[in-house]
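The file work-v1.cif comes next; it holds mmCIF, C-alpha atoms; chains and numbers go by the auth columns.
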data_data
loop_
_atom_site.group_PDB
_atom_site.id
_atom_site.type_symbol
_atom_site.label_atom_id
_atom_site.label_comp_id
_atom_site.label_asym_id
_atom_site.label_seq_id
_atom_site.Cartn_x
_atom_site.Cartn_y
_atom_site.Cartn_z
_atom_site.B_iso_or_equiv
_atom_site.auth_seq_id
_atom_site.auth_asym_id
ATOM 1 C CA MET A 1 14.832 -75.077 -24.354 0.00 1 A
ATOM 2 C CA THR A 2 14.704 -74.230 -20.735 0.00 2 A
ATOM 3 C CA SER A 3 15.036 -70.836 -19.235 0.00 3 A
ATOM 4 C CA SER A 4 17.261 -70.470 -16.308 0.00 4 A
ATOM 5 C CA GLY A 5 17.180 -67.329 -14.173 0.00 5 A
ATOM 6 C CA LYS A 6 14.503 -64.946 -13.119 0.00 6 A
ATOM 7 C CA ASN A 7 12.932 -62.250 -15.221 0.00 7 A
ATOM 8 C CA SER A 8 14.007 -58.871 -13.978 0.00 8 A
ATOM 9 C CA GLY A 9 12.069 -55.614 -14.396 0.00 9 A
ATOM 10 C CA PHE A 10 8.828 -53.990 -13.280 0.00 10 A
ATOM 11 C CA THR A 11 5.360 -55.361 -13.648 0.00 11 A
ATOM 12 C CA LEU A 12 2.611 -53.246 -15.152 0.00 12 A
ATOM 13 C CA ILE A 13 0.997 -52.636 -11.754 0.00 13 A
ATOM 14 C CA GLU A 14 4.283 -51.471 -10.251 0.00 14 A
ATOM 15 C CA THR A 15 4.804 -49.068 -13.150 0.00 15 A
ATOM 16 C CA ILE A 16 1.286 -47.616 -12.777 0.00 16 A
ATOM 17 C CA LEU A 17 1.837 -47.160 -9.029 0.00 17 A
ATOM 18 C CA TYR A 18 5.152 -45.355 -9.586 0.00 18 A
ATOM 19 C CA ILE A 19 3.605 -43.070 -12.212 0.00 19 A
ATOM 20 C CA ALA A 20 0.698 -42.232 -9.865 0.00 20 A
ATOM 21 C CA LEU A 21 3.049 -41.396 -6.973 0.00 21 A
ATOM 22 C CA PHE A 22 5.275 -39.318 -9.248 0.00 22 A
ATOM 23 C CA SER A 23 2.230 -37.420 -10.573 0.00 23 A
ATOM 24 C CA LEU A 24 1.061 -36.723 -7.025 0.00 24 A
ATOM 25 C CA LEU A 25 4.476 -35.343 -6.050 0.00 25 A
ATOM 26 C CA ILE A 26 4.737 -33.160 -9.163 0.00 26 A
ATOM 27 C CA GLY A 27 1.175 -31.850 -8.687 0.00 27 A
ATOM 28 C CA THR A 28 1.907 -30.926 -5.073 0.00 28 A
ATOM 29 C CA ALA A 29 5.109 -29.162 -6.114 0.00 29 A
ATOM 30 C CA PHE A 30 3.253 -27.104 -8.755 0.00 30 A
ATOM 31 C CA VAL A 31 0.581 -26.032 -6.250 0.00 31 A
ATOM 32 C CA THR A 32 3.250 -25.028 -3.717 0.00 32 A
ATOM 33 C CA VAL A 33 5.226 -23.017 -6.259 0.00 33 A
ATOM 34 C CA TYR A 34 2.040 -21.254 -7.459 0.00 34 A
ATOM 35 C CA GLN A 35 1.113 -20.299 -3.892 0.00 35 A
ATOM 36 C CA LEU A 36 4.606 -18.948 -3.227 0.00 36 A
ATOM 37 C CA ILE A 37 4.563 -16.811 -6.364 0.00 37 A
ATOM 38 C CA ASP A 38 1.022 -15.565 -5.685 0.00 38 A
ATOM 39 C CA SER A 39 1.746 -14.612 -2.069 0.00 39 A
ATOM 40 C CA SER A 40 4.970 -12.897 -3.122 0.00 40 A
ATOM 41 C CA GLY A 41 3.007 -10.696 -5.543 0.00 41 A
ATOM 42 C CA LYS A 42 0.439 -9.809 -2.870 0.00 42 A
ATOM 43 C CA LEU A 43 3.217 -8.946 -0.428 0.00 43 A
ATOM 44 C CA ASN A 44 4.828 -6.632 -2.996 0.00 44 A
ATOM 45 C CA ILE A 45 1.504 -4.831 -3.500 0.00 45 A
ATOM 46 C CA LYS A 46 1.050 -4.418 0.264 0.00 46 A
ATOM 47 C CA ASN A 47 4.620 -3.115 0.613 0.00 47 A
ATOM 48 C CA THR A 48 3.963 -0.570 -2.138 0.00 48 A
ATOM 49 C CA THR A 49 0.847 0.653 -0.339 0.00 49 A
ATOM 50 C CA GLN A 50 2.654 0.813 3.015 0.00 50 A
ATOM 51 C CA GLY A 51 5.595 2.704 1.539 0.00 51 A
ATOM 52 C CA GLU A 52 3.376 5.213 -0.232 0.00 52 A
ATOM 53 C CA GLY A 53 1.236 5.797 2.870 0.00 53 A
ATOM 54 C CA ASN A 54 4.280 6.259 5.092 0.00 54 A
ATOM 55 C CA PHE A 55 5.773 8.722 2.586 0.00 55 A
ATOM 56 C CA VAL A 56 2.579 10.804 2.546 0.00 56 A
ATOM 57 C CA LEU A 57 2.423 10.944 6.346 0.00 57 A
ATOM 58 C CA ARG A 58 6.103 11.897 6.623 0.00 58 A
ATOM 59 C CA LYS A 59 5.589 14.626 4.007 0.00 59 A
ATOM 60 C CA ILE A 60 2.578 16.049 5.878 0.00 60 A
ATOM 61 C CA ASN A 61 4.459 15.809 9.193 0.00 61 A
ATOM 62 C CA TRP A 62 7.454 17.598 7.668 0.00 62 A
ATOM 63 C CA THR A 63 5.193 20.274 6.169 0.00 63 A
ATOM 64 C CA MET A 64 3.646 21.013 9.556 0.00 64 A
ATOM 65 C CA ILE A 65 7.023 21.800 11.166 0.00 65 A
ATOM 66 C CA GLY A 66 7.070 25.512 11.926 0.00 66 A
ATOM 67 C CA THR A 67 3.283 25.932 11.713 0.00 67 A
ATOM 68 C CA SER A 68 1.929 29.099 13.273 0.00 68 A
ATOM 69 C CA THR A 69 -1.739 28.487 12.425 0.00 69 A
ATOM 70 C CA PHE A 70 -3.793 26.194 10.249 0.00 70 A
ATOM 71 C CA SER A 71 -7.348 25.965 9.013 0.00 71 A
ATOM 72 C CA ILE A 72 -9.512 23.159 7.721 0.00 72 A
ATOM 73 C CA SER A 73 -12.063 23.824 5.014 0.00 73 A
ATOM 74 C CA GLY A 74 -13.889 20.641 4.002 0.00 74 A
ATOM 75 C CA SER A 75 -11.198 18.226 2.886 0.00 75 A
ATOM 76 C CA GLU A 76 -8.495 20.894 2.477 0.00 76 A
ATOM 77 C CA LEU A 77 -5.863 21.766 5.051 0.00 77 A
ATOM 78 C CA THR A 78 -4.235 25.216 4.892 0.00 78 A
ATOM 79 C CA ILE A 79 -1.023 25.600 6.894 0.00 79 A
ATOM 80 C CA ASN A 80 0.425 29.035 7.680 0.00 80 A
ATOM 81 C CA LYS A 81 4.074 28.845 8.699 0.00 81 A
ATOM 82 C CA TYR A 82 6.066 31.290 10.828 0.00 82 A
ATOM 83 C CA ASP A 83 8.210 32.214 7.819 0.00 83 A
ATOM 84 C CA GLY A 84 5.145 33.425 5.874 0.00 84 A
ATOM 85 C CA ILE A 85 4.784 30.400 3.584 0.00 85 A
ATOM 86 C CA THR A 86 1.282 28.996 3.113 0.00 86 A
ATOM 87 C CA VAL A 87 0.887 25.320 2.217 0.00 87 A
ATOM 88 C CA LYS A 88 -2.371 23.686 1.164 0.00 88 A
ATOM 89 C CA ILE A 89 -3.060 19.935 1.122 0.00 89 A
ATOM 90 C CA LYS A 90 -6.154 18.350 -0.394 0.00 90 A
ATOM 91 C CA LEU A 91 -7.523 15.281 -2.158 0.00 91 A
ATOM 92 C CA GLY A 92 -7.471 15.697 -5.922 0.00 92 A
ATOM 93 C CA SER A 93 -10.467 15.661 -8.232 0.00 93 A
ATOM 94 C CA GLY A 94 -10.988 15.407 -11.979 0.00 94 A
ATOM 95 C CA ALA A 95 -7.744 14.400 -13.689 0.00 95 A
ATOM 96 C CA ASP A 96 -6.011 14.218 -10.292 0.00 96 A
ATOM 97 C CA ALA A 97 -8.696 12.067 -8.649 0.00 97 A
ATOM 98 C CA GLY A 98 -7.236 9.579 -6.197 0.00 98 A
ATOM 99 C CA LYS A 99 -4.109 11.637 -5.508 0.00 99 A
ATOM 100 C CA ILE A 100 -3.111 13.834 -2.593 0.00 100 A
ATOM 101 C CA LEU A 101 -2.164 17.299 -3.829 0.00 101 A
ATOM 102 C CA MET A 102 0.063 19.871 -2.149 0.00 102 A
ATOM 103 C CA ASP A 103 0.484 23.559 -3.003 0.00 103 A
ATOM 104 C CA ASP A 104 3.321 25.651 -1.619 0.00 104 A
ATOM 105 C CA THR A 105 4.241 27.573 -4.759 0.00 105 A
ATOM 106 C CA GLY A 106 0.882 28.613 -6.199 0.00 106 A
ATOM 107 C CA SER A 107 -0.062 25.392 -8.010 0.00 107 A
ATOM 108 C CA PHE A 108 -1.109 21.998 -6.704 0.00 108 A
ATOM 109 C CA VAL A 109 1.191 19.037 -7.436 0.00 109 A
ATOM 110 C CA PRO A 110 0.572 15.395 -6.491 0.00 110 A
ATOM 111 C CA ILE A 111 2.590 13.883 -3.655 0.00 111 A
ATOM 112 C CA THR A 112 1.305 10.365 -4.359 0.00 112 A
ATOM 113 C CA THR A 113 2.288 8.251 -7.348 0.00 113 A
ATOM 114 C CA ASN A 114 0.151 6.444 -9.901 0.00 114 A
ATOM 115 C CA ASN A 115 0.839 3.153 -8.060 0.00 115 A
ATOM 116 C CA VAL A 116 -1.806 3.878 -5.428 0.00 116 A
ATOM 117 C CA GLN A 117 -5.206 5.491 -5.151 0.00 117 A
ATOM 118 C CA VAL A 118 -6.303 7.602 -2.193 0.00 118 A
ATOM 119 C CA THR A 119 -9.982 6.956 -1.563 0.00 119 A
ATOM 120 C CA ASP A 120 -10.406 9.291 1.421 0.00 120 A
ATOM 121 C CA LEU A 121 -8.497 12.145 3.078 0.00 121 A
ATOM 122 C CA GLN A 122 -9.776 13.706 6.287 0.00 122 A
ATOM 123 C CA PHE A 123 -8.463 16.472 8.503 0.00 123 A
ATOM 124 C CA GLN A 124 -9.719 16.985 12.039 0.00 124 A
ATOM 125 C CA GLN A 125 -8.838 19.817 14.380 0.00 125 A
ATOM 126 C CA ILE A 126 -7.687 18.830 17.863 0.00 126 A
ATOM 127 C CA GLY A 127 -8.791 21.205 20.581 0.00 127 A
ATOM 128 C CA THR A 128 -10.763 24.408 20.320 0.00 128 A
ATOM 129 C CA ASP A 129 -7.762 26.715 20.190 0.00 129 A
ATOM 130 C CA LEU A 130 -5.929 25.112 17.236 0.00 130 A
ATOM 131 C CA ILE A 131 -3.523 22.933 19.176 0.00 131 A
ATOM 132 C CA GLY A 132 -3.195 20.253 16.548 0.00 132 A
ATOM 133 C CA VAL A 133 -4.540 18.380 13.552 0.00 133 A
ATOM 134 C CA SER A 134 -5.242 14.724 12.921 0.00 134 A
ATOM 135 C CA VAL A 135 -4.868 13.424 9.365 0.00 135 A
ATOM 136 C CA VAL A 136 -6.434 10.185 8.105 0.00 136 A
ATOM 137 C CA ALA A 137 -5.572 8.976 4.601 0.00 137 A
ATOM 138 C CA ARG A 138 -7.188 5.829 3.161 0.00 138 A
ATOM 139 C CA ILE A 139 -4.856 4.456 0.491 0.00 139 A
ATOM 140 C CA LYS A 140 -5.167 1.361 -1.710 0.00 140 A
ATOM 141 C CA THR A 141 -3.649 -0.269 -4.744 0.00 141 A
ATOM 142 C CA LEU A 142 -5.506 -2.101 -7.483 0.00 142 A
ATOM 143 C CA ASN A 143 -7.569 -5.063 -6.224 0.00 143 A
ATOM 144 C CA THR A 144 -6.622 -4.633 -2.561 0.00 144 A
ATOM 145 C CA ASN A 145 -8.431 -3.469 0.516 0.00 145 A
ATOM 146 C CA PRO A 146 -7.620 0.118 1.507 0.00 146 A
ATOM 147 C CA LEU A 147 -5.282 0.757 4.423 0.00 147 A
ATOM 148 C CA ASP A 148 -5.785 3.654 6.841 0.00 148 A
ATOM 149 C CA PHE A 149 -2.809 5.861 7.639 0.00 149 A
ATOM 150 C CA ILE A 150 -3.196 8.219 10.591 0.00 150 A
ATOM 151 C CA ILE A 151 -0.987 10.987 11.904 0.00 151 A
ATOM 152 C CA THR A 152 -1.591 13.517 14.661 0.00 152 A
ATOM 153 C CA LYS A 153 0.533 16.645 14.704 0.00 153 A
ATOM 154 C CA TYR A 154 0.478 19.233 17.485 0.00 154 A
ATOM 155 C CA ILE A 155 1.620 22.782 16.821 0.00 155 A
ATOM 156 C CA ARG A 156 3.800 24.670 19.233 0.00 156 A
ATOM 157 C CA GLN A 157 2.069 27.680 20.781 0.00 157 A
#
What is this file in structure tokens?
Amino acid sequence: MTSSGKNSGFTLIETILYIALFSLLIGTAFVTVYQLIDSSGKLNIKNTTQGEGNFVLRKINWTMIGTSTFSISGSELTINKYDGITVKIKLGSGADAGKILMDDTGSFVPITTNNVQVTDLQFQQIGTDLIGVSVVARIKTLNTNPLDFIITKYIRQ
């Protein structure tokens, strides 16, 4: 018996080469997908921190509209408005640690959510005759570096 025709198919070496190349491509794809998912999660955390910090600064800015006088006592800001309302802002302690608290009705309530933690809140008077206040809030989420949020508000004399 004689065989006529060529054998068709892959040799063992060709098969091993194709499997190695396929494994390399799949491994690269898995690493890329992991990095995309990981960076997406980090970006969401940063956006949460940015949104919370911007909300706090807008709330403080809004509160200071119509300010007649203010005073700073340690880490507490007391705002006296022209309409007779007194608002106090401070960094919480105890059960409210890590939250910014505001009082305009006789009891302090948090203006930050449980998603973030405020590690520092500072108030600084601008000028010697109470022309303004600078507010610095250091806010962070779990496992991230804190971000500083700064606002300067001048009161109308």
Local residues around (6.4, 29.4, 6.6), at most 12 Å away, using only C-alpha atoms, as a compact mmCIF listing (two decimals) with C-alpha atoms, in the frame of the given file:
# COMPACT_ATOMS: atom_id res chain seq x y z
CA TRP A 62 7.45 17.60 7.67
CA THR A 63 5.19 20.27 6.17
CA MET A 64 3.65 21.01 9.56
CA ILE A 65 7.02 21.80 11.17
CA GLY A 66 7.07 25.51 11.93
CA THR A 67 3.28 25.93 11.71
CA SER A 68 1.93 29.10 13.27
CA THR A 69 -1.74 28.49 12.42
CA PHE A 70 -3.79 26.19 10.25
CA THR A 78 -4.24 25.22 4.89
CA ILE A 79 -1.02 25.60 6.89
CA ASN A 80 0.42 29.04 7.68
CA LYS A 81 4.07 28.84 8.70
CA TYR A 82 6.07 31.29 10.83
CA ASP A 83 8.21 32.21 7.82
CA GLY A 84 5.14 33.42 5.87
CA ILE A 85 4.78 30.40 3.58
CA THR A 86 1.28 29.00 3.11
CA VAL A 87 0.89 25.32 2.22
CA LYS A 88 -2.37 23.69 1.16
CA ASP A 104 3.32 25.65 -1.62
CA THR A 105 4.24 27.57 -4.76
Residue by residue, what does the PyMOL selection byres ((chain A and resi 112) around 8) grab here? Present the result as an MDAnalysis selection string. chainID A and resid 52 56 99:101 110:111 113:114 116
- Message: For the provided coordinates, the residues matched by the PyMOL selection byres ((chain A and resi 136-148) around 8) should be stated as a PyMOL selection string.
- Response: chain A and resi 45+49+53+115-123+134-135+149-151
From CA of Phe30 in chain A to CA of Tyr18 in chain A the spacing works out at 18.4 Å
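Going from CA of Tyr154 in chain A to CA of Ile131 in chain A covers 5.7 Å.
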TODO: Find the spatial neighbours of Val133 in chain A, counting only C-alpha atoms, within a cut-off of 6 Å - ignore same-chain residues fewer than 6 positions away - and output them as a list in words.
DONE: Gln124, Gln125, Ile126, Thr152 and Lys153 of chain A
Could I get range 51-83 of chain A rebuilt with N, CA and C atoms, written as a compact mmCIF listing (two decimals), in the coordinates of the input?
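Now in rebuild.txt:
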# COMPACT_ATOMS: atom_id res chain seq x y z
N GLY A 51 4.56 1.71 1.81
CA GLY A 51 5.60 2.70 1.54
C GLY A 51 5.01 4.04 1.10
N GLU A 52 4.01 3.98 0.25
CA GLU A 52 3.38 5.21 -0.23
C GLU A 52 2.66 5.94 0.92
N GLY A 53 1.94 5.19 1.73
CA GLY A 53 1.24 5.80 2.87
C GLY A 53 2.19 6.42 3.87
N ASN A 54 3.28 5.72 4.17
CA ASN A 54 4.28 6.26 5.09
C ASN A 54 4.94 7.52 4.53
N PHE A 55 5.19 7.53 3.21
CA PHE A 55 5.77 8.72 2.59
C PHE A 55 4.84 9.92 2.73
N VAL A 56 3.56 9.71 2.46
CA VAL A 56 2.58 10.80 2.55
C VAL A 56 2.53 11.36 3.97
N LEU A 57 2.49 10.47 4.96
CA LEU A 57 2.42 10.94 6.35
C LEU A 57 3.70 11.69 6.75
N ARG A 58 4.85 11.19 6.32
CA ARG A 58 6.10 11.90 6.62
C ARG A 58 6.14 13.27 5.95
N LYS A 59 5.62 13.35 4.73
CA LYS A 59 5.59 14.63 4.01
C LYS A 59 4.67 15.63 4.72
N ILE A 60 3.50 15.17 5.16
CA ILE A 60 2.58 16.05 5.88
C ILE A 60 3.19 16.46 7.22
N ASN A 61 3.80 15.51 7.92
CA ASN A 61 4.46 15.81 9.19
C ASN A 61 5.56 16.84 8.99
N TRP A 62 6.37 16.66 7.96
CA TRP A 62 7.45 17.60 7.67
C TRP A 62 6.90 18.98 7.32
N THR A 63 5.81 19.01 6.57
CA THR A 63 5.19 20.27 6.17
C THR A 63 4.68 21.04 7.38
N MET A 64 4.24 20.34 8.40
CA MET A 64 3.65 21.01 9.56
C MET A 64 4.69 21.51 10.55
N ILE A 65 5.98 21.25 10.30
CA ILE A 65 7.02 21.80 11.17
C ILE A 65 7.06 23.31 10.95
N GLY A 66 7.04 24.05 12.02
CA GLY A 66 7.07 25.51 11.93
C GLY A 66 5.72 26.13 11.65
N THR A 67 4.63 25.41 11.95
CA THR A 67 3.28 25.93 11.71
C THR A 67 2.91 26.95 12.78
N SER A 68 2.44 28.11 12.32
CA SER A 68 1.93 29.10 13.27
C SER A 68 0.43 28.90 13.47
N THR A 69 -0.30 28.76 12.36
CA THR A 69 -1.74 28.49 12.42
C THR A 69 -2.11 27.58 11.26
N PHE A 70 -3.28 26.99 11.36
CA PHE A 70 -3.79 26.19 10.25
C PHE A 70 -5.30 26.32 10.24
N SER A 71 -5.89 25.98 9.10
CA SER A 71 -7.35 25.96 9.01
C SER A 71 -7.78 24.79 8.15
N ILE A 72 -8.95 24.29 8.46
CA ILE A 72 -9.51 23.16 7.72
C ILE A 72 -10.80 23.63 7.07
N SER A 73 -10.87 23.46 5.76
CA SER A 73 -12.06 23.82 5.01
C SER A 73 -12.48 22.61 4.19
N GLY A 74 -13.47 21.87 4.67
CA GLY A 74 -13.89 20.64 4.00
C GLY A 74 -12.78 19.62 4.07
N SER A 75 -12.29 19.21 2.91
CA SER A 75 -11.20 18.23 2.89
C SER A 75 -9.88 18.88 2.47
N GLU A 76 -9.74 20.18 2.79
CA GLU A 76 -8.49 20.89 2.48
C GLU A 76 -7.90 21.46 3.75
N LEU A 77 -6.61 21.25 3.91
CA LEU A 77 -5.86 21.77 5.05
C LEU A 77 -4.97 22.90 4.56
N THR A 78 -5.09 24.07 5.21
CA THR A 78 -4.24 25.22 4.89
C THR A 78 -3.33 25.47 6.09
N ILE A 79 -2.02 25.45 5.83
CA ILE A 79 -1.02 25.60 6.89
C ILE A 79 -0.30 26.93 6.68
N ASN A 80 -0.32 27.77 7.71
CA ASN A 80 0.42 29.04 7.68
C ASN A 80 1.65 28.86 8.56
N LYS A 81 2.83 29.04 7.96
CA LYS A 81 4.07 28.84 8.70
C LYS A 81 4.59 30.17 9.25
N TYR A 82 5.49 30.09 10.22
CA TYR A 82 6.07 31.29 10.83
C TYR A 82 6.85 32.12 9.82
N ASP A 83 7.41 31.48 8.80
CA ASP A 83 8.21 32.21 7.82
C ASP A 83 7.36 32.82 6.70
